[in-house]
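Undergrad: Handing over run.cif, mmCIF, N, CA and C atoms.
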data_model
#
loop_
_atom_site.label_atom_id
_atom_site.label_comp_id
_atom_site.auth_asym_id
_atom_site.auth_seq_id
_atom_site.Cartn_x
_atom_site.Cartn_y
_atom_site.Cartn_z
N MET A 1 82.10 60.34 15.16
CA MET A 1 81.15 59.56 14.40
C MET A 1 80.35 60.49 13.50
N LEU A 2 80.03 60.01 12.31
CA LEU A 2 79.28 60.82 11.36
C LEU A 2 77.80 60.45 11.29
N ASN A 3 77.51 59.14 11.26
CA ASN A 3 76.13 58.68 11.16
C ASN A 3 76.07 57.18 11.42
N ILE A 4 74.86 56.64 11.46
CA ILE A 4 74.71 55.19 11.54
C ILE A 4 74.65 54.70 10.09
N ARG A 5 75.56 53.82 9.73
CA ARG A 5 75.68 53.37 8.34
C ARG A 5 74.58 52.37 7.96
N HIS A 6 74.40 51.33 8.77
CA HIS A 6 73.35 50.33 8.50
C HIS A 6 73.16 49.44 9.72
N ALA A 7 72.09 48.68 9.71
CA ALA A 7 71.86 47.65 10.72
C ALA A 7 72.05 46.30 10.02
N GLY A 8 72.82 45.41 10.63
CA GLY A 8 73.04 44.08 10.08
C GLY A 8 72.08 43.09 10.72
N ILE A 9 71.43 42.29 9.89
CA ILE A 9 70.42 41.35 10.37
C ILE A 9 70.74 39.97 9.81
N VAL A 10 71.05 39.01 10.69
CA VAL A 10 71.33 37.65 10.25
C VAL A 10 70.00 36.93 10.06
N VAL A 11 69.85 36.27 8.91
CA VAL A 11 68.60 35.60 8.56
C VAL A 11 68.86 34.13 8.27
N THR A 12 67.80 33.33 8.31
CA THR A 12 67.93 31.90 8.03
C THR A 12 67.51 31.54 6.60
N ASP A 13 66.70 32.37 5.97
CA ASP A 13 66.20 32.10 4.63
C ASP A 13 66.20 33.42 3.86
N MET A 14 67.22 33.62 3.03
CA MET A 14 67.40 34.91 2.35
C MET A 14 66.22 35.25 1.45
N LYS A 15 65.71 34.29 0.71
CA LYS A 15 64.58 34.57 -0.20
C LYS A 15 63.37 35.07 0.59
N ARG A 16 63.05 34.40 1.68
CA ARG A 16 61.92 34.79 2.51
C ARG A 16 62.14 36.18 3.11
N SER A 17 63.36 36.45 3.56
CA SER A 17 63.66 37.75 4.16
C SER A 17 63.65 38.88 3.14
N ILE A 18 64.17 38.63 1.95
CA ILE A 18 64.11 39.64 0.89
C ILE A 18 62.66 39.96 0.57
N ASP A 19 61.83 38.95 0.48
CA ASP A 19 60.41 39.16 0.21
C ASP A 19 59.78 40.05 1.30
N PHE A 20 60.07 39.76 2.56
CA PHE A 20 59.53 40.53 3.68
C PHE A 20 59.98 41.98 3.61
N TYR A 21 61.29 42.21 3.49
CA TYR A 21 61.82 43.57 3.57
C TYR A 21 61.51 44.39 2.31
N THR A 22 61.40 43.77 1.14
CA THR A 22 61.08 44.53 -0.07
C THR A 22 59.57 44.71 -0.23
N ASN A 23 58.83 43.62 -0.22
CA ASN A 23 57.40 43.69 -0.52
C ASN A 23 56.54 44.23 0.62
N LEU A 24 56.93 43.98 1.88
CA LEU A 24 56.12 44.45 3.00
C LEU A 24 56.62 45.76 3.60
N LEU A 25 57.95 45.98 3.61
CA LEU A 25 58.49 47.18 4.25
C LEU A 25 59.04 48.21 3.26
N GLY A 26 59.12 47.88 1.99
CA GLY A 26 59.50 48.87 0.99
C GLY A 26 60.98 49.10 0.77
N PHE A 27 61.84 48.21 1.24
CA PHE A 27 63.26 48.35 0.97
C PHE A 27 63.58 47.99 -0.48
N LYS A 28 64.66 48.55 -1.00
CA LYS A 28 65.13 48.28 -2.36
C LYS A 28 66.49 47.61 -2.26
N ILE A 29 66.71 46.55 -3.02
CA ILE A 29 68.01 45.87 -3.02
C ILE A 29 69.03 46.73 -3.75
N GLU A 30 70.14 47.01 -3.08
CA GLU A 30 71.24 47.76 -3.67
C GLU A 30 72.34 46.82 -4.16
N LYS A 31 72.58 45.75 -3.41
CA LYS A 31 73.65 44.82 -3.76
C LYS A 31 73.33 43.46 -3.16
N ASN A 32 73.55 42.39 -3.93
CA ASN A 32 73.35 41.02 -3.47
C ASN A 32 74.59 40.24 -3.86
N MET A 33 75.34 39.75 -2.87
CA MET A 33 76.62 39.12 -3.18
C MET A 33 76.92 37.98 -2.22
N ILE A 34 77.80 37.09 -2.66
CA ILE A 34 78.34 36.04 -1.82
C ILE A 34 79.75 36.48 -1.45
N GLU A 35 80.02 36.51 -0.14
CA GLU A 35 81.35 36.91 0.32
C GLU A 35 82.02 35.72 0.98
N SER A 36 83.32 35.55 0.69
CA SER A 36 84.10 34.47 1.29
C SER A 36 85.57 34.83 1.17
N GLY A 37 86.40 33.98 1.73
CA GLY A 37 87.84 34.19 1.63
C GLY A 37 88.43 34.77 2.89
N SER A 38 89.70 35.12 2.82
CA SER A 38 90.44 35.54 4.00
C SER A 38 89.89 36.82 4.62
N TYR A 39 89.37 37.74 3.80
CA TYR A 39 88.82 38.98 4.35
C TYR A 39 87.67 38.67 5.32
N ILE A 40 86.71 37.87 4.87
CA ILE A 40 85.55 37.52 5.70
C ILE A 40 86.00 36.69 6.90
N ASP A 41 86.86 35.70 6.67
CA ASP A 41 87.34 34.85 7.77
C ASP A 41 88.02 35.69 8.86
N ASN A 42 88.90 36.60 8.46
CA ASN A 42 89.62 37.43 9.43
C ASN A 42 88.69 38.43 10.09
N LEU A 43 87.84 39.08 9.32
CA LEU A 43 86.95 40.11 9.84
C LEU A 43 85.98 39.54 10.87
N LEU A 44 85.41 38.37 10.58
CA LEU A 44 84.40 37.77 11.45
C LEU A 44 84.95 36.71 12.41
N SER A 45 86.26 36.46 12.31
CA SER A 45 86.91 35.46 13.15
C SER A 45 86.23 34.09 13.03
N ILE A 46 86.05 33.66 11.77
CA ILE A 46 85.49 32.34 11.48
C ILE A 46 86.41 31.63 10.49
N LYS A 47 86.16 30.36 10.24
CA LYS A 47 86.96 29.60 9.29
C LYS A 47 86.09 29.19 8.12
N GLU A 48 86.64 29.39 6.92
CA GLU A 48 85.96 29.02 5.68
C GLU A 48 84.55 29.60 5.62
N GLY A 49 84.45 30.86 5.98
CA GLY A 49 83.16 31.54 5.98
C GLY A 49 82.65 31.81 4.58
N LYS A 50 81.37 31.69 4.44
CA LYS A 50 80.69 32.02 3.19
C LYS A 50 79.36 32.63 3.58
N VAL A 51 79.13 33.87 3.15
CA VAL A 51 77.93 34.58 3.58
C VAL A 51 77.28 35.26 2.37
N ASN A 52 75.97 35.11 2.27
CA ASN A 52 75.18 35.84 1.27
C ASN A 52 74.81 37.16 1.93
N THR A 53 75.29 38.25 1.35
CA THR A 53 75.05 39.59 1.90
C THR A 53 74.18 40.37 0.94
N VAL A 54 73.08 40.93 1.46
CA VAL A 54 72.18 41.75 0.65
C VAL A 54 72.05 43.10 1.32
N LYS A 55 72.51 44.14 0.63
CA LYS A 55 72.41 45.51 1.13
C LYS A 55 71.14 46.11 0.55
N MET A 56 70.33 46.74 1.45
CA MET A 56 69.03 47.27 1.05
C MET A 56 68.89 48.70 1.57
N SER A 57 68.10 49.50 0.87
CA SER A 57 67.93 50.89 1.31
C SER A 57 66.49 51.33 1.18
N LEU A 58 66.20 52.42 1.89
CA LEU A 58 64.92 53.12 1.79
C LEU A 58 65.15 54.42 1.03
N ARG A 59 64.08 55.12 0.70
CA ARG A 59 64.17 56.38 -0.05
C ARG A 59 65.07 57.40 0.62
N ASP A 60 65.06 57.45 1.95
CA ASP A 60 65.85 58.47 2.66
C ASP A 60 67.32 58.08 2.81
N GLY A 61 67.71 56.93 2.29
CA GLY A 61 69.09 56.48 2.38
C GLY A 61 69.36 55.55 3.54
N GLY A 62 68.39 55.34 4.44
CA GLY A 62 68.56 54.39 5.53
C GLY A 62 68.83 53.00 4.97
N MET A 63 69.78 52.28 5.57
CA MET A 63 70.17 50.99 5.02
C MET A 63 70.13 49.88 6.06
N ILE A 64 69.86 48.67 5.58
CA ILE A 64 70.03 47.45 6.36
C ILE A 64 70.87 46.51 5.52
N GLU A 65 71.44 45.52 6.19
CA GLU A 65 72.25 44.51 5.52
C GLU A 65 71.77 43.16 6.02
N LEU A 66 71.19 42.36 5.12
CA LEU A 66 70.77 41.00 5.47
C LEU A 66 71.95 40.07 5.24
N LEU A 67 72.18 39.16 6.19
CA LEU A 67 73.32 38.23 6.12
C LEU A 67 72.82 36.81 6.37
N GLN A 68 73.09 35.92 5.41
CA GLN A 68 72.79 34.51 5.64
C GLN A 68 74.11 33.75 5.57
N PHE A 69 74.51 33.19 6.71
CA PHE A 69 75.76 32.44 6.77
C PHE A 69 75.53 31.05 6.20
N ILE A 70 76.27 30.73 5.15
CA ILE A 70 76.07 29.47 4.43
C ILE A 70 76.89 28.35 5.07
N ASN A 71 78.15 28.62 5.42
CA ASN A 71 79.03 27.59 5.98
C ASN A 71 79.02 27.55 7.50
N ASN A 72 78.60 28.62 8.15
CA ASN A 72 78.68 28.70 9.60
C ASN A 72 77.32 29.10 10.19
N PRO A 73 76.27 28.36 9.88
CA PRO A 73 74.96 28.78 10.42
C PRO A 73 74.87 28.55 11.93
N GLU A 74 74.21 29.45 12.59
CA GLU A 74 73.93 29.33 14.02
C GLU A 74 72.44 29.13 14.18
N LEU A 75 72.04 28.31 15.11
CA LEU A 75 70.62 28.14 15.36
C LEU A 75 70.06 29.42 15.96
N PRO A 76 68.85 29.82 15.56
CA PRO A 76 68.26 31.03 16.14
C PRO A 76 68.07 30.86 17.65
N LYS A 77 68.26 31.96 18.38
CA LYS A 77 68.06 31.94 19.83
C LYS A 77 66.69 32.54 20.14
N ASP A 78 66.25 32.32 21.34
CA ASP A 78 65.03 32.98 21.78
C ASP A 78 65.34 34.46 21.91
N ASN A 79 64.60 35.27 21.21
CA ASN A 79 64.84 36.71 21.16
C ASN A 79 63.86 37.43 22.07
N ARG A 80 64.38 38.34 22.88
CA ARG A 80 63.52 39.15 23.75
C ARG A 80 63.99 40.59 23.69
N LEU A 81 63.06 41.51 23.81
CA LEU A 81 63.42 42.92 23.80
C LEU A 81 64.23 43.33 25.01
N THR A 82 64.28 42.48 26.04
CA THR A 82 65.04 42.80 27.24
C THR A 82 66.44 42.19 27.24
N ASP A 83 66.83 41.52 26.13
CA ASP A 83 68.17 40.94 26.04
C ASP A 83 69.24 42.04 26.02
N ILE A 84 70.43 41.71 26.48
CA ILE A 84 71.56 42.63 26.40
C ILE A 84 72.03 42.71 24.96
N GLY A 85 72.41 43.89 24.53
CA GLY A 85 72.90 44.07 23.17
C GLY A 85 71.82 44.66 22.28
N CYS A 86 72.12 44.76 21.01
CA CYS A 86 71.18 45.32 20.06
C CYS A 86 69.98 44.39 19.91
N THR A 87 68.79 44.90 20.19
CA THR A 87 67.60 44.05 20.18
C THR A 87 66.62 44.36 19.06
N HIS A 88 66.73 45.56 18.47
CA HIS A 88 65.77 45.93 17.43
C HIS A 88 66.28 47.12 16.65
N PHE A 89 65.60 47.42 15.55
CA PHE A 89 65.83 48.69 14.87
C PHE A 89 64.47 49.32 14.64
N ALA A 90 64.45 50.64 14.48
CA ALA A 90 63.19 51.37 14.36
C ALA A 90 63.08 52.02 12.99
N MET A 91 61.84 52.06 12.50
CA MET A 91 61.54 52.71 11.23
C MET A 91 60.41 53.71 11.45
N THR A 92 60.52 54.87 10.84
CA THR A 92 59.45 55.86 10.88
C THR A 92 58.49 55.56 9.73
N VAL A 93 57.19 55.60 10.01
CA VAL A 93 56.18 55.37 8.98
C VAL A 93 55.24 56.58 8.93
N ASP A 94 54.59 56.76 7.77
CA ASP A 94 53.65 57.87 7.60
C ASP A 94 52.32 57.62 8.29
N ASN A 95 51.82 56.39 8.17
CA ASN A 95 50.50 56.05 8.68
C ASN A 95 50.59 54.71 9.38
N LEU A 96 50.76 54.73 10.69
CA LEU A 96 50.97 53.49 11.43
C LEU A 96 49.76 52.57 11.36
N GLU A 97 48.57 53.13 11.44
CA GLU A 97 47.36 52.29 11.40
C GLU A 97 47.30 51.49 10.09
N GLN A 98 47.53 52.16 8.98
CA GLN A 98 47.50 51.48 7.68
C GLN A 98 48.64 50.46 7.57
N THR A 99 49.84 50.85 7.99
CA THR A 99 50.98 49.93 7.94
C THR A 99 50.72 48.70 8.80
N TYR A 100 50.24 48.93 10.01
CA TYR A 100 49.92 47.84 10.93
C TYR A 100 48.89 46.90 10.30
N ASN A 101 47.80 47.45 9.79
CA ASN A 101 46.74 46.61 9.19
C ASN A 101 47.26 45.83 8.00
N ASN A 102 48.06 46.45 7.14
CA ASN A 102 48.63 45.75 5.97
C ASN A 102 49.52 44.60 6.40
N LEU A 103 50.35 44.84 7.41
CA LEU A 103 51.26 43.80 7.86
C LEU A 103 50.52 42.67 8.58
N VAL A 104 49.51 43.01 9.37
CA VAL A 104 48.70 41.98 10.02
C VAL A 104 48.04 41.10 8.97
N MET A 105 47.49 41.71 7.92
CA MET A 105 46.85 40.95 6.84
C MET A 105 47.84 40.05 6.10
N SER A 106 49.14 40.40 6.16
CA SER A 106 50.18 39.60 5.52
C SER A 106 50.76 38.55 6.47
N GLY A 107 50.21 38.46 7.68
CA GLY A 107 50.64 37.43 8.62
C GLY A 107 51.82 37.82 9.51
N VAL A 108 52.19 39.10 9.53
CA VAL A 108 53.30 39.53 10.37
C VAL A 108 52.86 39.52 11.83
N ARG A 109 53.75 39.02 12.71
CA ARG A 109 53.45 38.93 14.15
C ARG A 109 53.82 40.23 14.85
N PHE A 110 52.91 40.72 15.67
CA PHE A 110 53.10 41.94 16.47
C PHE A 110 53.06 41.59 17.95
N LEU A 111 53.74 42.40 18.76
CA LEU A 111 53.72 42.18 20.21
C LEU A 111 52.49 42.80 20.85
N SER A 112 51.90 43.80 20.20
CA SER A 112 50.71 44.47 20.73
C SER A 112 50.07 45.23 19.57
N GLU A 113 49.01 45.93 19.87
CA GLU A 113 48.45 46.89 18.91
C GLU A 113 49.23 48.19 19.07
N PRO A 114 49.17 49.11 18.10
CA PRO A 114 49.86 50.39 18.23
C PRO A 114 49.44 51.14 19.49
N GLN A 115 50.43 51.76 20.15
CA GLN A 115 50.22 52.48 21.40
C GLN A 115 50.72 53.92 21.24
N TYR A 116 50.08 54.86 21.93
CA TYR A 116 50.60 56.22 21.99
C TYR A 116 51.69 56.28 23.04
N SER A 117 52.77 56.99 22.75
CA SER A 117 53.81 57.19 23.76
C SER A 117 53.24 58.06 24.88
N PRO A 118 53.78 57.96 26.09
CA PRO A 118 53.24 58.73 27.21
C PRO A 118 53.20 60.24 26.96
N ASP A 119 54.16 60.75 26.19
CA ASP A 119 54.18 62.19 25.91
C ASP A 119 53.29 62.57 24.73
N GLY A 120 52.67 61.57 24.07
CA GLY A 120 51.79 61.84 22.94
C GLY A 120 52.53 62.20 21.66
N PHE A 121 53.85 62.12 21.67
CA PHE A 121 54.65 62.49 20.50
C PHE A 121 54.56 61.48 19.37
N ALA A 122 54.29 60.21 19.69
CA ALA A 122 54.34 59.17 18.67
C ALA A 122 53.37 58.03 18.98
N ARG A 123 53.02 57.29 17.92
CA ARG A 123 52.36 55.99 18.05
C ARG A 123 53.41 54.97 17.69
N VAL A 124 53.45 53.88 18.46
CA VAL A 124 54.56 52.93 18.34
C VAL A 124 54.02 51.51 18.44
N VAL A 125 54.66 50.58 17.72
CA VAL A 125 54.34 49.16 17.83
C VAL A 125 55.58 48.37 17.40
N PHE A 126 55.73 47.17 17.97
CA PHE A 126 56.81 46.27 17.58
C PHE A 126 56.25 45.09 16.81
N CYS A 127 56.95 44.72 15.72
CA CYS A 127 56.64 43.50 14.99
C CYS A 127 57.92 42.70 14.85
N GLU A 128 57.80 41.52 14.25
CA GLU A 128 58.95 40.65 14.03
C GLU A 128 59.10 40.34 12.56
N ASP A 129 60.36 40.24 12.10
CA ASP A 129 60.60 39.77 10.74
C ASP A 129 60.48 38.25 10.75
N PRO A 130 60.67 37.57 9.61
CA PRO A 130 60.47 36.12 9.57
C PRO A 130 61.36 35.31 10.53
N ASP A 131 62.49 35.88 10.96
CA ASP A 131 63.38 35.18 11.88
C ASP A 131 63.24 35.66 13.32
N GLY A 132 62.28 36.54 13.58
CA GLY A 132 62.06 37.01 14.94
C GLY A 132 62.81 38.27 15.31
N THR A 133 63.49 38.93 14.36
CA THR A 133 64.15 40.20 14.65
C THR A 133 63.08 41.25 14.88
N PHE A 134 63.20 41.99 15.98
CA PHE A 134 62.20 42.99 16.30
C PHE A 134 62.40 44.27 15.48
N ILE A 135 61.28 44.79 14.99
CA ILE A 135 61.26 46.04 14.25
C ILE A 135 60.26 46.96 14.92
N GLU A 136 60.70 48.14 15.31
CA GLU A 136 59.83 49.13 15.93
C GLU A 136 59.32 50.06 14.83
N LEU A 137 58.01 50.17 14.73
CA LEU A 137 57.39 51.07 13.76
C LEU A 137 56.87 52.28 14.51
N VAL A 138 57.24 53.48 14.06
CA VAL A 138 56.93 54.72 14.77
C VAL A 138 56.28 55.71 13.82
N GLU A 139 55.13 56.24 14.23
CA GLU A 139 54.51 57.36 13.51
C GLU A 139 54.60 58.57 14.42
N GLU A 140 55.30 59.59 13.98
CA GLU A 140 55.42 60.82 14.76
C GLU A 140 54.11 61.60 14.62
N MET A 141 53.56 62.01 15.75
CA MET A 141 52.32 62.79 15.75
C MET A 141 52.71 64.26 15.58
N LYS A 142 52.11 64.91 14.64
CA LYS A 142 52.53 66.28 14.32
C LYS A 142 51.68 67.30 15.00
#
As structure tokens - that is how I would like this structure written.

TA:
Amino acid sequence: MLNIRHAGIVVTDMKRSIDFYTNLLGFKIEKNMIESGSYIDNLLSIKEGKVNTVKMSLRDGGMIELLQFINNPELPKDNRLTDIGCTHFAMTVDNLEQTYNNLVMSGVRFLSEPQYSPDGFARVVFCEDPDGTFIELVEEMK
């Protein structure tokens, strides 16, 4: 393995999610496309799939991929950090207090206030995107 390429996040409202990830978290849209046809159907094992895919990046090259399934929507499930499988992705921030306050003022839901890790290496907090996907925000203490 060479690196982690991106995290894929299924969303229910692409416009709302683009607004969240660009305006609140600072991602930049690299590509916005509608994918369909035999490639998508075979790859995802679905029939007549149609998905709006938006690839986004940060300054350091970290990427996420937002996916809104148009023909095969699934109802959102109750999401918990203790679920089996991928439950969240983490982002490093420069100033957690400022980031936390800005996001709170924008109505973003948090599970707690920022906490220091037991070893004192970082301050950490979890928030949710508009569909309830957990995002861990980490400020490394220098």

Undergrad: Any idea what the distance is between atom N of Val10 (chain A) and CA of Gln68 (chain A)?

TA: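 For atom N of Val10 (chain A) relative to CA of Gln68 (chain A), the distance reads 7.0 Å.
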
Undergrad: Can you list, as a PyMOL selection string, every residue of region 23-127 of chain A that DSSP puts in strand (DSSP E or B)?

TA: chain A and resi 28-36+50-57+63-69+88-92+110+115-116+122-127

Undergrad: Using the chain letters and numbers from the file, which residues does the PyMOL selection byres ((chain A and resi 5) around 8) grab, as a PDB file with N, CA and C atoms, in the frame of the given file?

TA:
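Generated output (part15.pdb):
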ATOM      1  N   LEU A   2      80.030  60.010  12.310  1.00  0.00           N
ATOM      2  CA  LEU A   2      79.280  60.820  11.360  1.00  0.00           C
ATOM      3  C   LEU A   2      77.800  60.450  11.290  1.00  0.00           C
ATOM      4  N   ASN A   3      77.510  59.140  11.260  1.00  0.00           N
ATOM      5  CA  ASN A   3      76.130  58.680  11.160  1.00  0.00           C
ATOM      6  C   ASN A   3      76.070  57.180  11.420  1.00  0.00           C
ATOM      7  N   ILE A   4      74.860  56.640  11.460  1.00  0.00           N
ATOM      8  CA  ILE A   4      74.710  55.190  11.540  1.00  0.00           C
ATOM      9  C   ILE A   4      74.650  54.700  10.090  1.00  0.00           C
ATOM     10  N   HIS A   6      74.400  51.330   8.770  1.00  0.00           N
ATOM     11  CA  HIS A   6      73.350  50.330   8.500  1.00  0.00           C
ATOM     12  C   HIS A   6      73.160  49.440   9.720  1.00  0.00           C
ATOM     13  N   ALA A   7      72.090  48.680   9.710  1.00  0.00           N
ATOM     14  CA  ALA A   7      71.860  47.650  10.720  1.00  0.00           C
ATOM     15  C   ALA A   7      72.050  46.300  10.020  1.00  0.00           C
ATOM     16  N   GLY A   8      72.820  45.410  10.630  1.00  0.00           N
ATOM     17  CA  GLY A   8      73.040  44.080  10.080  1.00  0.00           C
ATOM     18  C   GLY A   8      72.080  43.090  10.720  1.00  0.00           C
ATOM     19  N   GLY A  61      67.710  56.930   2.290  1.00  0.00           N
ATOM     20  CA  GLY A  61      69.090  56.480   2.380  1.00  0.00           C
ATOM     21  C   GLY A  61      69.360  55.550   3.540  1.00  0.00           C
ATOM     22  N   GLY A  62      68.390  55.340   4.440  1.00  0.00           N
ATOM     23  CA  GLY A  62      68.560  54.390   5.530  1.00  0.00           C
ATOM     24  C   GLY A  62      68.830  53.000   4.970  1.00  0.00           C
ATOM     25  N   MET A  63      69.780  52.280   5.570  1.00  0.00           N
ATOM     26  CA  MET A  63      70.170  50.990   5.020  1.00  0.00           C
ATOM     27  C   MET A  63      70.130  49.880   6.060  1.00  0.00           C
ATOM     28  N   ILE A  64      69.860  48.670   5.580  1.00  0.00           N
ATOM     29  CA  ILE A  64      70.030  47.450   6.360  1.00  0.00           C
ATOM     30  C   ILE A  64      70.870  46.510   5.520  1.00  0.00           C
ATOM     31  N   GLU A  65      71.440  45.520   6.190  1.00  0.00           N
ATOM     32  CA  GLU A  65      72.250  44.510   5.520  1.00  0.00           C
ATOM     33  C   GLU A  65      71.770  43.160   6.020  1.00  0.00           C
TER      34      GLU A  65
END

Undergrad: Kindly indicate which residue among A:Gly107, A:Arg80, A:Asn71, A:Val124 lies nearest to Thr92 (chain A), using only C-alpha atoms for the distances.

TA: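 Of A:Gly107, A:Arg80, A:Asn71, A:Val124, the one nearest Thr92 (chain A), counting only C-alpha atoms, is A:Val124.
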
Undergrad: In Å, rounded to a single decimal, give me how far CA of Thr53 (chain A) is from CA of Leu24 (chain A).

TA: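 Between CA of Leu24 (chain A) and CA of Thr53 (chain A) the gap is 19.6 Å.
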
Undergrad: What parts of region 23-72 of chain A does DSSP call alpha helix (DSSP H)? I'd like the answer as a PyMOL selection string.

TA: chain A and resi 38-44

Undergrad: May I ask for the distance between CA of Asn52 (chain A) and CA of Glu35 (chain A), given in Å to one decimal place?

TA: 6.3 Å

Undergrad: Report as an MDAnalysis selection string the residues that result from applying the PyMOL selection byres ((chain A and resi 56) around 7) to the structure here.

TA: chainID A and resid 27:31 54:55 57:58 62:66

Undergrad: With only C-alpha atoms as the counted atoms, please give the residues lying no more than 6 Å from Phe134 (chain A), apart from itself and same-chain residues fewer than 4 positions off, as a list in words.

TA: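 My list of contacting residues is His88, Cys127 and Glu128 of chain A.
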
Undergrad: Can you give me, as a VMD selection string, the residues this file yields under the PyMOL selection byres ((chain A and resi 113) around 6)?

TA: chain A and resid 111 to 112 114 to 115 124 to 125

Undergrad: Fewer than 6 positions away in the same chain doesn't count, so skip those; otherwise give me all residues within 8 Å of Ser38 (chain A), counting only N, CA and C atoms, as a PyMOL selection string.

TA: chain A and resi 44+48-49

Undergrad: Could you name the residues that touch Thr87 (chain A) at 12 Å or less, counting only C-alpha atoms, but leaving out those on the same chain fewer than 3 positions away, as a list in words?

TA: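 Here the qualifying residues turn out to be Ala7, Gly8, Ile9, Asp78, Asn79, Arg80, Leu81, Thr82, Asp83, Ile84, Ala90, Phe126, Glu128, Gly132, Thr133, Phe134, Ile135 and Glu136 of chain A.
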
Undergrad: Please write a file for region 37-52 of chain A, taken from the block I just shared, that holds N, CA, C and O atoms and is laid out as a PDB file, in the first residue's frame.

TA:
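For reference, decode13.pdb as written:
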ATOM      1  N   GLY A  37     -24.060   3.796 -15.780  1.00  0.00           N
ATOM      2  CA  GLY A  37     -23.685   2.832 -16.805  1.00  0.00           C
ATOM      3  C   GLY A  37     -23.116   1.557 -16.221  1.00  0.00           C
ATOM      4  O   GLY A  37     -23.107   1.343 -15.004  1.00  0.00           O
ATOM      5  N   SER A  38     -22.624   0.706 -17.095  1.00  0.00           N
ATOM      6  CA  SER A  38     -22.188  -0.631 -16.689  1.00  0.00           C
ATOM      7  C   SER A  38     -21.013  -0.596 -15.712  1.00  0.00           C
ATOM      8  O   SER A  38     -20.925  -1.440 -14.826  1.00  0.00           O
ATOM      9  N   TYR A  39     -20.117   0.381 -15.852  1.00  0.00           N
ATOM     10  CA  TYR A  39     -18.974   0.458 -14.929  1.00  0.00           C
ATOM     11  C   TYR A  39     -19.473   0.617 -13.485  1.00  0.00           C
ATOM     12  O   TYR A  39     -19.070  -0.122 -12.599  1.00  0.00           O
ATOM     13  N   ILE A  40     -20.343   1.588 -13.247  1.00  0.00           N
ATOM     14  CA  ILE A  40     -20.872   1.841 -11.902  1.00  0.00           C
ATOM     15  C   ILE A  40     -21.717   0.663 -11.437  1.00  0.00           C
ATOM     16  O   ILE A  40     -21.592   0.210 -10.297  1.00  0.00           O
ATOM     17  N   ASP A  41     -22.586   0.146 -12.308  1.00  0.00           N
ATOM     18  CA  ASP A  41     -23.435  -0.986 -11.933  1.00  0.00           C
ATOM     19  C   ASP A  41     -22.595  -2.190 -11.507  1.00  0.00           C
ATOM     20  O   ASP A  41     -22.875  -2.819 -10.480  1.00  0.00           O
ATOM     21  N   ASN A  42     -21.570  -2.523 -12.288  1.00  0.00           N
ATOM     22  CA  ASN A  42     -20.722  -3.678 -11.970  1.00  0.00           C
ATOM     23  C   ASN A  42     -19.869  -3.414 -10.740  1.00  0.00           C
ATOM     24  O   ASN A  42     -19.747  -4.273  -9.865  1.00  0.00           O
ATOM     25  N   LEU A  43     -19.274  -2.237 -10.653  1.00  0.00           N
ATOM     26  CA  LEU A  43     -18.385  -1.905  -9.547  1.00  0.00           C
ATOM     27  C   LEU A  43     -19.119  -1.932  -8.210  1.00  0.00           C
ATOM     28  O   LEU A  43     -18.609  -2.436  -7.216  1.00  0.00           O
ATOM     29  N   LEU A  44     -20.328  -1.372  -8.169  1.00  0.00           N
ATOM     30  CA  LEU A  44     -21.086  -1.252  -6.927  1.00  0.00           C
ATOM     31  C   LEU A  44     -22.126  -2.359  -6.730  1.00  0.00           C
ATOM     32  O   LEU A  44     -22.827  -2.365  -5.727  1.00  0.00           O
ATOM     33  N   SER A  45     -22.225  -3.245  -7.718  1.00  0.00           N
ATOM     34  CA  SER A  45     -23.186  -4.343  -7.669  1.00  0.00           C
ATOM     35  C   SER A  45     -24.614  -3.824  -7.461  1.00  0.00           C
ATOM     36  O   SER A  45     -25.345  -4.261  -6.570  1.00  0.00           O
ATOM     37  N   ILE A  46     -24.995  -2.849  -8.301  1.00  0.00           N
ATOM     38  CA  ILE A  46     -26.351  -2.296  -8.290  1.00  0.00           C
ATOM     39  C   ILE A  46     -26.890  -2.312  -9.714  1.00  0.00           C
ATOM     40  O   ILE A  46     -26.146  -2.592 -10.662  1.00  0.00           O
ATOM     41  N   LYS A  47     -28.171  -2.020  -9.871  1.00  0.00           N
ATOM     42  CA  LYS A  47     -28.780  -1.979 -11.196  1.00  0.00           C
ATOM     43  C   LYS A  47     -29.213  -0.557 -11.506  1.00  0.00           C
ATOM     44  O   LYS A  47     -29.812   0.114 -10.671  1.00  0.00           O
ATOM     45  N   GLU A  48     -28.883  -0.128 -12.728  1.00  0.00           N
ATOM     46  CA  GLU A  48     -29.255   1.200 -13.206  1.00  0.00           C
ATOM     47  C   GLU A  48     -28.831   2.286 -12.223  1.00  0.00           C
ATOM     48  O   GLU A  48     -29.590   3.200 -11.919  1.00  0.00           O
ATOM     49  N   GLY A  49     -27.614   2.167 -11.747  1.00  0.00           N
ATOM     50  CA  GLY A  49     -27.085   3.137 -10.790  1.00  0.00           C
ATOM     51  C   GLY A  49     -26.797   4.482 -11.426  1.00  0.00           C
ATOM     52  O   GLY A  49     -26.400   4.575 -12.582  1.00  0.00           O
ATOM     53  N   LYS A  50     -27.045   5.493 -10.673  1.00  0.00           N
ATOM     54  CA  LYS A  50     -26.730   6.860 -11.083  1.00  0.00           C
ATOM     55  C   LYS A  50     -26.298   7.589  -9.825  1.00  0.00           C
ATOM     56  O   LYS A  50     -27.062   7.655  -8.859  1.00  0.00           O
ATOM     57  N   VAL A  51     -25.068   8.103  -9.829  1.00  0.00           N
ATOM     58  CA  VAL A  51     -24.521   8.714  -8.624  1.00  0.00           C
ATOM     59  C   VAL A  51     -23.843  10.039  -8.976  1.00  0.00           C
ATOM     60  O   VAL A  51     -23.107  10.136  -9.948  1.00  0.00           O
ATOM     61  N   ASN A  52     -24.141  11.057  -8.181  1.00  0.00           N
ATOM     62  CA  ASN A  52     -23.448  12.344  -8.287  1.00  0.00           C
ATOM     63  C   ASN A  52     -22.210  12.218  -7.395  1.00  0.00           C
ATOM     64  O   ASN A  52     -22.320  11.997  -6.191  1.00  0.00           O
TER      65      ASN A  52
END
